[in-house]
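So this block is upload21.cif, mmCIF, C-alpha atoms and all ligand atoms:
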data_input
#
loop_
_atom_site.label_atom_id
_atom_site.label_comp_id
_atom_site.auth_asym_id
_atom_site.auth_seq_id
_atom_site.Cartn_x
_atom_site.Cartn_y
_atom_site.Cartn_z
CA MET A 1 255.61 252.36 211.48
CA LEU A 2 252.33 251.72 209.75
CA PHE A 3 249.41 251.16 212.10
CA ASN A 4 246.15 249.64 211.05
CA THR A 5 243.55 252.05 212.41
CA TYR A 6 240.52 250.19 211.09
CA LYS A 7 237.94 250.02 213.90
CA PRO A 8 234.74 248.72 212.36
CA TRP A 9 232.73 249.45 215.52
CA LYS A 10 233.48 253.19 215.15
CA PHE A 11 232.45 255.35 212.21
CA ALA A 12 235.48 256.22 210.08
CA PHE A 13 236.97 259.70 210.66
CA SER A 14 235.02 260.06 213.93
CA GLU A 15 237.04 261.66 216.74
CA ASP A 16 238.22 259.48 219.59
CA SER A 17 236.68 260.22 222.94
CA GLU A 18 235.67 257.87 225.69
CA GLU A 19 234.19 260.57 227.89
CA ILE A 20 231.30 262.75 226.84
CA GLU A 21 232.49 265.63 229.08
CA LYS A 22 235.69 265.99 227.06
CA VAL A 23 234.22 266.34 223.58
CA LYS A 24 234.17 269.56 221.61
CA ARG A 25 230.93 271.46 222.10
CA ASN A 26 228.60 272.15 219.19
CA SER A 27 229.49 268.89 217.45
CA TRP A 28 227.72 265.70 216.33
CA GLY A 29 227.54 262.36 218.09
CA ILE A 30 226.70 259.02 216.51
CA ILE A 31 224.66 256.52 218.51
CA GLY A 32 223.79 253.03 217.23
CA VAL A 33 220.46 251.46 218.18
CA PRO A 34 220.49 247.75 217.26
CA PHE A 35 216.74 247.24 217.84
CA ASP A 36 214.45 245.37 215.42
CA SER A 37 211.76 243.81 217.60
CA THR A 38 208.72 245.31 215.82
CA SER A 39 209.93 244.40 212.31
CA SER A 40 207.01 242.79 210.52
CA TYR A 41 208.52 241.60 207.23
CA GLY A 42 212.30 241.61 206.89
CA PRO A 43 214.16 241.29 210.20
CA GLY A 44 217.82 242.16 210.74
CA SER A 45 218.03 245.93 211.25
CA ARG A 46 219.69 245.12 214.60
CA TYR A 47 222.83 244.64 212.47
CA GLY A 48 222.46 248.08 210.86
CA PRO A 49 224.75 249.99 213.26
CA THR A 50 227.55 247.46 212.70
CA THR A 51 227.31 247.14 208.90
CA VAL A 52 226.76 250.87 208.30
CA ARG A 53 229.79 251.74 210.43
CA GLU A 54 231.94 249.10 208.74
CA ALA A 55 230.94 250.44 205.31
CA SER A 56 232.12 253.93 206.36
CA TYR A 57 235.74 252.83 205.86
CA GLY A 58 235.31 252.81 202.08
CA PHE A 59 234.93 256.59 201.75
CA GLU A 60 237.33 259.52 201.59
CA LYS A 61 237.53 262.92 203.27
CA TYR A 62 236.84 264.87 200.11
CA ASN A 63 233.46 264.90 198.36
CA ILE A 64 233.66 265.64 194.65
CA SER A 65 229.88 266.07 194.19
CA TYR A 66 229.79 268.90 196.74
CA ASN A 67 233.43 270.01 196.30
CA LYS A 68 233.86 269.93 200.06
CA GLU A 69 236.30 268.53 202.57
CA LEU A 70 235.06 266.76 205.68
CA LYS A 71 235.62 269.36 208.39
CA GLU A 72 232.74 268.67 210.73
CA ILE A 73 233.80 267.31 214.13
CA PHE A 74 231.86 264.22 215.09
CA TYR A 75 232.12 261.43 217.64
CA ASP A 76 230.92 257.87 217.78
CA PHE A 77 229.60 256.91 221.21
CA GLY A 78 228.82 253.30 220.26
CA ASN A 79 225.50 251.51 220.70
CA ILE A 80 222.93 251.85 223.46
CA ASN A 81 221.77 248.76 225.34
CA VAL A 82 218.46 247.88 223.75
CA ILE A 83 215.80 245.69 225.38
CA TYR A 84 214.74 243.26 222.68
CA GLY A 85 210.98 242.81 222.61
CA ASN A 86 210.37 246.01 224.55
CA CYS A 87 209.96 249.06 222.33
CA LYS A 88 208.99 251.45 225.13
CA LYS A 89 211.94 250.61 227.41
CA THR A 90 214.36 250.82 224.47
CA LEU A 91 212.99 254.22 223.51
CA ALA A 92 213.28 255.43 227.11
CA ILE A 93 216.97 254.42 227.20
CA LEU A 94 217.60 256.14 223.87
CA GLU A 95 215.77 259.31 224.93
CA GLU A 96 217.85 259.52 228.10
CA THR A 97 221.06 258.98 226.10
CA VAL A 98 220.22 261.70 223.58
CA GLN A 99 219.37 263.99 226.49
CA GLU A 100 222.91 263.44 227.85
CA LEU A 101 224.36 264.32 224.45
CA LEU A 102 222.31 267.52 224.26
CA GLU A 103 223.50 268.55 227.73
CA ALA A 104 227.07 268.30 226.37
CA ASP A 105 226.01 270.42 223.35
CA ILE A 106 226.22 267.50 220.94
CA ASN A 107 223.48 266.85 218.39
CA PRO A 108 222.49 263.27 217.61
CA ILE A 109 223.05 261.12 214.56
CA ILE A 110 221.21 257.86 215.20
CA ILE A 111 221.90 254.69 213.22
CA GLY A 112 219.06 252.14 213.44
CA GLY A 113 217.66 249.78 214.01
CA GLU A 114 214.09 249.94 212.85
CA HIS A 115 212.06 253.10 212.46
CA SER A 116 210.22 253.04 215.82
CA ILE A 117 213.39 254.44 217.45
CA SER A 118 213.03 257.90 215.78
CA LEU A 119 210.47 258.96 218.38
CA ALA A 120 213.08 258.99 221.18
CA PRO A 121 215.55 261.56 219.74
CA ILE A 122 212.67 263.80 218.63
CA LYS A 123 211.18 263.70 222.15
CA ALA A 124 214.60 264.34 223.69
CA LEU A 125 215.17 267.34 221.42
CA ALA A 126 211.68 268.70 222.10
CA ASN A 127 212.00 268.35 225.89
CA SER A 128 215.64 269.25 226.39
CA LYS A 129 216.42 271.95 228.91
CA ALA A 130 219.86 272.29 227.32
CA ASN A 131 218.46 274.23 224.36
CA ASN A 132 215.42 276.18 223.35
CA TYR A 133 214.01 273.80 220.77
CA ASN A 134 210.28 273.89 220.85
CA ILE A 135 208.22 271.11 219.28
CA GLU A 136 205.69 273.67 217.99
CA ASP A 137 208.49 275.25 215.91
CA MET A 138 209.97 271.94 214.79
CA THR A 139 209.69 270.54 211.26
CA ILE A 140 210.32 266.85 210.71
CA ILE A 141 211.53 265.95 207.23
CA HIS A 142 210.87 262.27 206.73
CA LEU A 143 212.26 260.34 203.76
CA ASP A 144 210.50 257.00 203.41
CA ALA A 145 208.55 254.71 201.07
CA HIS A 146 205.86 254.56 203.80
CA MET A 147 203.97 257.25 205.71
CA ASP A 148 204.35 255.45 209.08
CA LEU A 149 201.18 257.24 210.22
CA ILE A 150 199.09 254.24 211.32
CA ASP A 151 197.70 254.73 214.82
CA GLU A 152 198.11 251.09 215.91
CA TYR A 153 199.91 248.36 214.01
CA GLN A 154 199.35 244.72 215.00
CA GLY A 155 197.83 246.09 218.20
CA GLU A 156 200.95 248.11 219.01
CA LYS A 157 201.23 251.88 219.38
CA CYS A 158 205.03 251.64 219.47
CA SER A 159 206.03 250.28 216.06
CA HIS A 160 208.01 251.05 212.94
CA ALA A 161 204.66 251.53 211.13
CA THR A 162 203.27 254.05 213.67
CA VAL A 163 206.33 256.20 214.39
CA MET A 164 205.26 259.35 212.53
CA LYS A 165 201.79 259.14 214.11
CA ARG A 166 203.51 259.18 217.52
CA VAL A 167 205.63 262.13 216.38
CA HIS A 168 202.48 263.88 215.14
CA ASP A 169 200.89 263.31 218.59
CA LEU A 170 203.64 265.60 220.00
CA ASN A 171 202.19 268.41 217.86
CA PRO A 172 205.19 269.47 215.73
CA LYS A 173 204.95 272.46 213.40
CA GLU A 174 205.00 270.26 210.32
CA ILE A 175 205.88 266.81 209.01
CA ILE A 176 207.13 266.73 205.42
CA GLU A 177 207.22 263.22 203.96
CA ILE A 178 209.16 262.57 200.74
CA GLY A 179 209.43 259.41 198.62
CA ILE A 180 206.08 257.87 199.62
CA ARG A 181 204.74 255.05 197.46
CA SER A 182 202.97 252.66 199.83
CA THR A 183 200.21 253.56 202.25
CA SER A 184 196.98 252.42 203.90
CA LEU A 185 193.63 254.11 203.37
CA GLU A 186 193.65 255.03 207.10
CA GLU A 187 196.87 257.02 206.62
CA LYS A 188 195.71 258.69 203.40
CA GLU A 189 192.49 259.86 205.08
CA PHE A 190 194.37 261.00 208.19
CA VAL A 191 196.75 263.12 206.10
CA GLU A 192 193.83 264.72 204.25
CA LYS A 193 192.28 266.02 207.47
CA GLU A 194 195.52 267.29 209.07
CA ASP A 195 196.96 270.56 207.85
CA ASN A 196 200.50 270.09 209.21
CA ILE A 197 201.48 267.04 207.11
CA SER A 198 202.76 267.37 203.54
CA ILE A 199 203.20 264.28 201.40
CA PHE A 200 205.44 264.07 198.32
CA THR A 201 205.44 260.75 196.49
CA ALA A 202 208.41 259.08 194.86
CA LYS A 203 206.80 260.13 191.56
CA ASP A 204 206.84 263.77 192.76
CA THR A 205 210.62 263.56 193.26
CA LYS A 206 210.94 262.69 189.57
CA GLU A 207 208.29 264.96 188.06
CA ASN A 208 207.83 267.86 190.50
CA PHE A 209 211.15 268.22 192.28
CA ASP A 210 210.95 272.01 192.14
CA ILE A 211 207.80 271.92 194.33
CA ILE A 212 209.64 269.85 196.97
CA GLN A 213 212.60 272.23 196.80
CA LYS A 214 210.29 275.20 197.26
CA LYS A 215 208.57 273.53 200.23
CA ILE A 216 211.89 272.92 202.02
CA ASN A 217 213.19 276.39 201.19
CA GLN A 218 210.10 277.89 202.84
CA ILE A 219 211.14 276.54 206.26
CA ASN A 220 212.28 279.41 208.47
CA ASN A 221 216.10 279.31 208.73
CA GLU A 222 216.01 279.82 212.51
CA GLU A 223 213.56 277.05 213.26
CA PRO A 224 214.71 273.53 214.16
CA VAL A 225 214.51 270.74 211.60
CA TYR A 226 214.88 267.03 212.34
CA LEU A 227 215.70 264.68 209.47
CA SER A 228 214.58 261.04 209.57
CA ILE A 229 215.69 258.79 206.72
CA ASP A 230 214.27 255.31 206.26
CA ILE A 231 216.67 253.71 203.80
CA ASP A 232 213.68 252.05 202.07
CA VAL A 233 212.97 255.44 200.49
CA LEU A 234 215.54 254.31 197.93
CA ASP A 235 214.57 251.94 195.17
CA PRO A 236 215.29 248.30 196.15
CA LEU A 237 217.76 248.35 193.27
CA TYR A 238 220.03 250.52 195.46
CA ALA A 239 218.89 249.37 198.90
CA PRO A 240 217.47 245.84 198.76
CA GLU A 241 218.22 244.83 202.37
CA VAL A 242 215.50 246.74 204.22
CA GLY A 243 212.59 245.81 206.49
CA ASN A 244 209.88 246.52 203.90
CA PRO A 245 211.19 246.98 200.35
CA ILE A 246 208.85 248.80 197.91
CA PRO A 247 209.64 249.06 194.18
CA ASN A 248 209.80 252.25 192.14
CA GLY A 249 211.68 254.28 194.71
CA ILE A 250 214.05 257.21 194.53
CA SER A 251 217.72 257.20 193.53
CA PRO A 252 220.85 258.07 195.55
CA ASN A 253 221.19 261.07 193.23
CA THR A 254 217.85 262.41 194.46
CA ILE A 255 218.95 261.90 198.08
CA GLU A 256 222.11 263.93 197.34
CA LYS A 257 219.94 266.72 195.95
CA ILE A 258 217.52 266.67 198.89
CA LEU A 259 220.40 266.70 201.41
CA GLU A 260 221.93 269.70 199.70
CA ILE A 261 218.71 271.67 200.16
CA VAL A 262 217.86 270.39 203.65
CA ALA A 263 221.38 270.99 205.03
CA LYS A 264 220.96 274.75 204.55
CA LYS A 265 218.33 274.65 207.29
CA ASN A 266 218.85 274.50 211.04
CA ILE A 267 219.23 270.73 211.35
CA ILE A 268 219.26 269.56 214.97
CA GLY A 269 219.25 265.79 214.50
CA LEU A 270 219.40 262.97 211.99
CA ASP A 271 218.45 259.34 212.03
CA LEU A 272 219.06 256.72 209.40
CA VAL A 273 217.06 253.55 209.96
CA GLU A 274 216.00 250.16 208.57
CA VAL A 275 219.31 248.92 207.15
CA ALA A 276 218.64 245.20 207.59
CA THR A 277 221.74 243.31 206.59
CA ASN A 278 224.44 241.46 208.48
CA LYS A 279 226.66 241.20 205.40
CA LEU A 280 229.77 243.37 205.38
CA GLY A 281 230.01 245.47 202.22
CA ASP A 282 226.31 245.07 201.41
CA SER A 283 225.11 247.78 199.01
CA THR A 284 222.36 248.92 201.41
CA ALA A 285 224.87 249.50 204.21
CA VAL A 286 227.33 251.22 201.87
CA THR A 287 224.62 253.54 200.53
CA ALA A 288 223.42 254.35 204.07
CA SER A 289 226.94 255.13 205.18
CA LYS A 290 227.40 257.47 202.20
CA ILE A 291 224.22 259.36 203.18
CA ILE A 292 225.61 259.98 206.69
CA TYR A 293 228.87 261.21 205.16
CA ASP A 294 227.07 263.47 202.70
CA PHE A 295 225.16 264.93 205.64
CA LEU A 296 228.40 265.57 207.55
CA PHE A 297 229.99 267.21 204.51
CA LEU A 298 227.06 269.58 204.12
CA VAL A 299 225.80 270.37 207.60
CA LYS A 300 227.01 273.42 209.49
MN MN B 401 209.58 252.65 205.47
#
Write out the structure in this file as structure tokens.
Ligand SMILES: [Mn+2]
Amino acid sequence: MLFNTYKPWKFAFSEDSEEIEKVKRNSWGIIGVPFDSTSSYGPGSRYGPTTVREASYGFEKYNISYNKELKEIFYDFGNINVIYGNCKKTLAILEETVQELLEADINPIIIGGEHSISLAPIKALANSKANNYNIEDMTIIHLDAHMDLIDEYQGEKCSHATVMKRVHDLNPKEIIEIGIRSTSLEEKEFVEKEDNISIFTAKDTKENFDIIQKKINQINNEEPVYLSIDIDVLDPLYAPEVGNPIPNGISPNTIEKILEIVAKKNIIGLDLVEVATNKLGDSTAVTASKIIYDFLFLVK
């Protein structure tokens, strides 16, 4: 008998488990966060978890670019309940949920939603009693067209435009931003006076990729690394349906290359945010889904 196993609300090839206590330890868990209340230009990233998951059914369990089979065990725990219009409450719910995952020895893969949500998993990882991650040892690799280092945006501290400033407030070892091509003077001046933020522009990825590679390779292999990917790091040609599209971005090929280097490090969490489409099969959702798969192919 041929069963149709298509479940668009679960990431393809994710293991079935309704109870967190029964999952395999030292695995990955997907959580969707359909929150887009601070979006200032293009709304709709609340549909990201649904369209990215649905797009996952187009891929296969072998990756020819990396010559690897998908062997990593991962689960999909569904979406958290977000509180629309309330960034802080939504982040508190997400932080608590990630904390539960960490207690079961599962590391988070978060599908956004807008970028403000990245603060919650980073805080959960930094404060977890279930592991020894220390924020002072933690490097955040942040792929984005924007620095997201504004202190207050539209009067709000909790916003997609301020998220890396909030992360920086936690005092991580370093923030490495790659793909940048749009920023305010406030952010540029802030970066110049801080010695734990490194900025690589989209132009750098094309002309000085070896410097970026060297920078990532220098991260101590034992120390925790969190990877945050705003899909707008890609050129709008590849990912048009995002909250704040900026031309002259990077290509999916460059993302593949960066993932290959980053995955050799001790990655403890990933988020992929700002997919803002409600259209099934949209190129932005398909590309985002492929990035999550590439990560799962590569990560140990
Ligand atoms: Mn961005």
> A:Ala55, A:Ile255, A:Ile268, A:Leu91: which is nearest Asn131 in chain A, counting only C-alpha atoms?
Replying inline: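 Closest to Asn131 in chain A, using only C-alpha atoms: A:Ile268.
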>> as JSON, numbers by chain, please: every protein or nucleic acid residue near ligand MN 401 (chain B) (cut-off 12 Å, counting only C-alpha atoms and all ligand atoms).
In response: {"A": [39, 40, 41, 42, 114, 115, 116, 142, 143, 144, 145, 146, 147, 148, 149, 159, 160, 161, 162, 163, 164, 177, 178, 179, 180, 181, 182, 183, 228, 229, 230, 231, 232, 233, 234, 235, 236, 239, 242, 243, 244, 245, 246, 247, 249, 272, 273, 274, 275, 276]}
Report as CSV: every residue of range 81-197 of chain A with an atom at most 12 Å from range 281-290 of chain A, its closest pair of atoms, and their distance in Å to one decimal, counting all atoms listed in the file, with rows sorted by chain and ascending residue number.
residue,atom,partner,partner_atom,distance
A:Ile109,CA,A:Ser289,CA,11.8
A:Ile110,CA,A:Ser289,CA,11.9
A:Ile111,CA,A:Ala288,CA,9.3
A:Gly112,CA,A:Ala288,CA,10.6
What does the file look like for those residues with C-alpha atoms, as a tab-separated table (two decimals), in the coordinates of the input?
chain	number	residue	atom	x	y	z
A	109	ILE	CA	223.05	261.12	214.56
A	110	ILE	CA	221.21	257.86	215.20
A	111	ILE	CA	221.90	254.69	213.22
A	112	GLY	CA	219.06	252.14	213.44
>> Applying 10 Å and all atoms listed in the file, which residues near Gly85 in chain A remain after dropping the ones on its own chain fewer than 4 positions away? List them as a list in words.
In response: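 Here the answer would be Phe35, Asp36, Ser37, Thr38, Lys89 and Thr90 of chain A.
Closest approach to Gly269 in chain A among A:Val23, A:Ile140, A:Ala104, A:Val33 is made by A:Ile140 (distances from all atoms listed in the file).
Atom pair CA of Leu227 in chain A / CA of Leu270 in chain A: separated by 4.8 Å.
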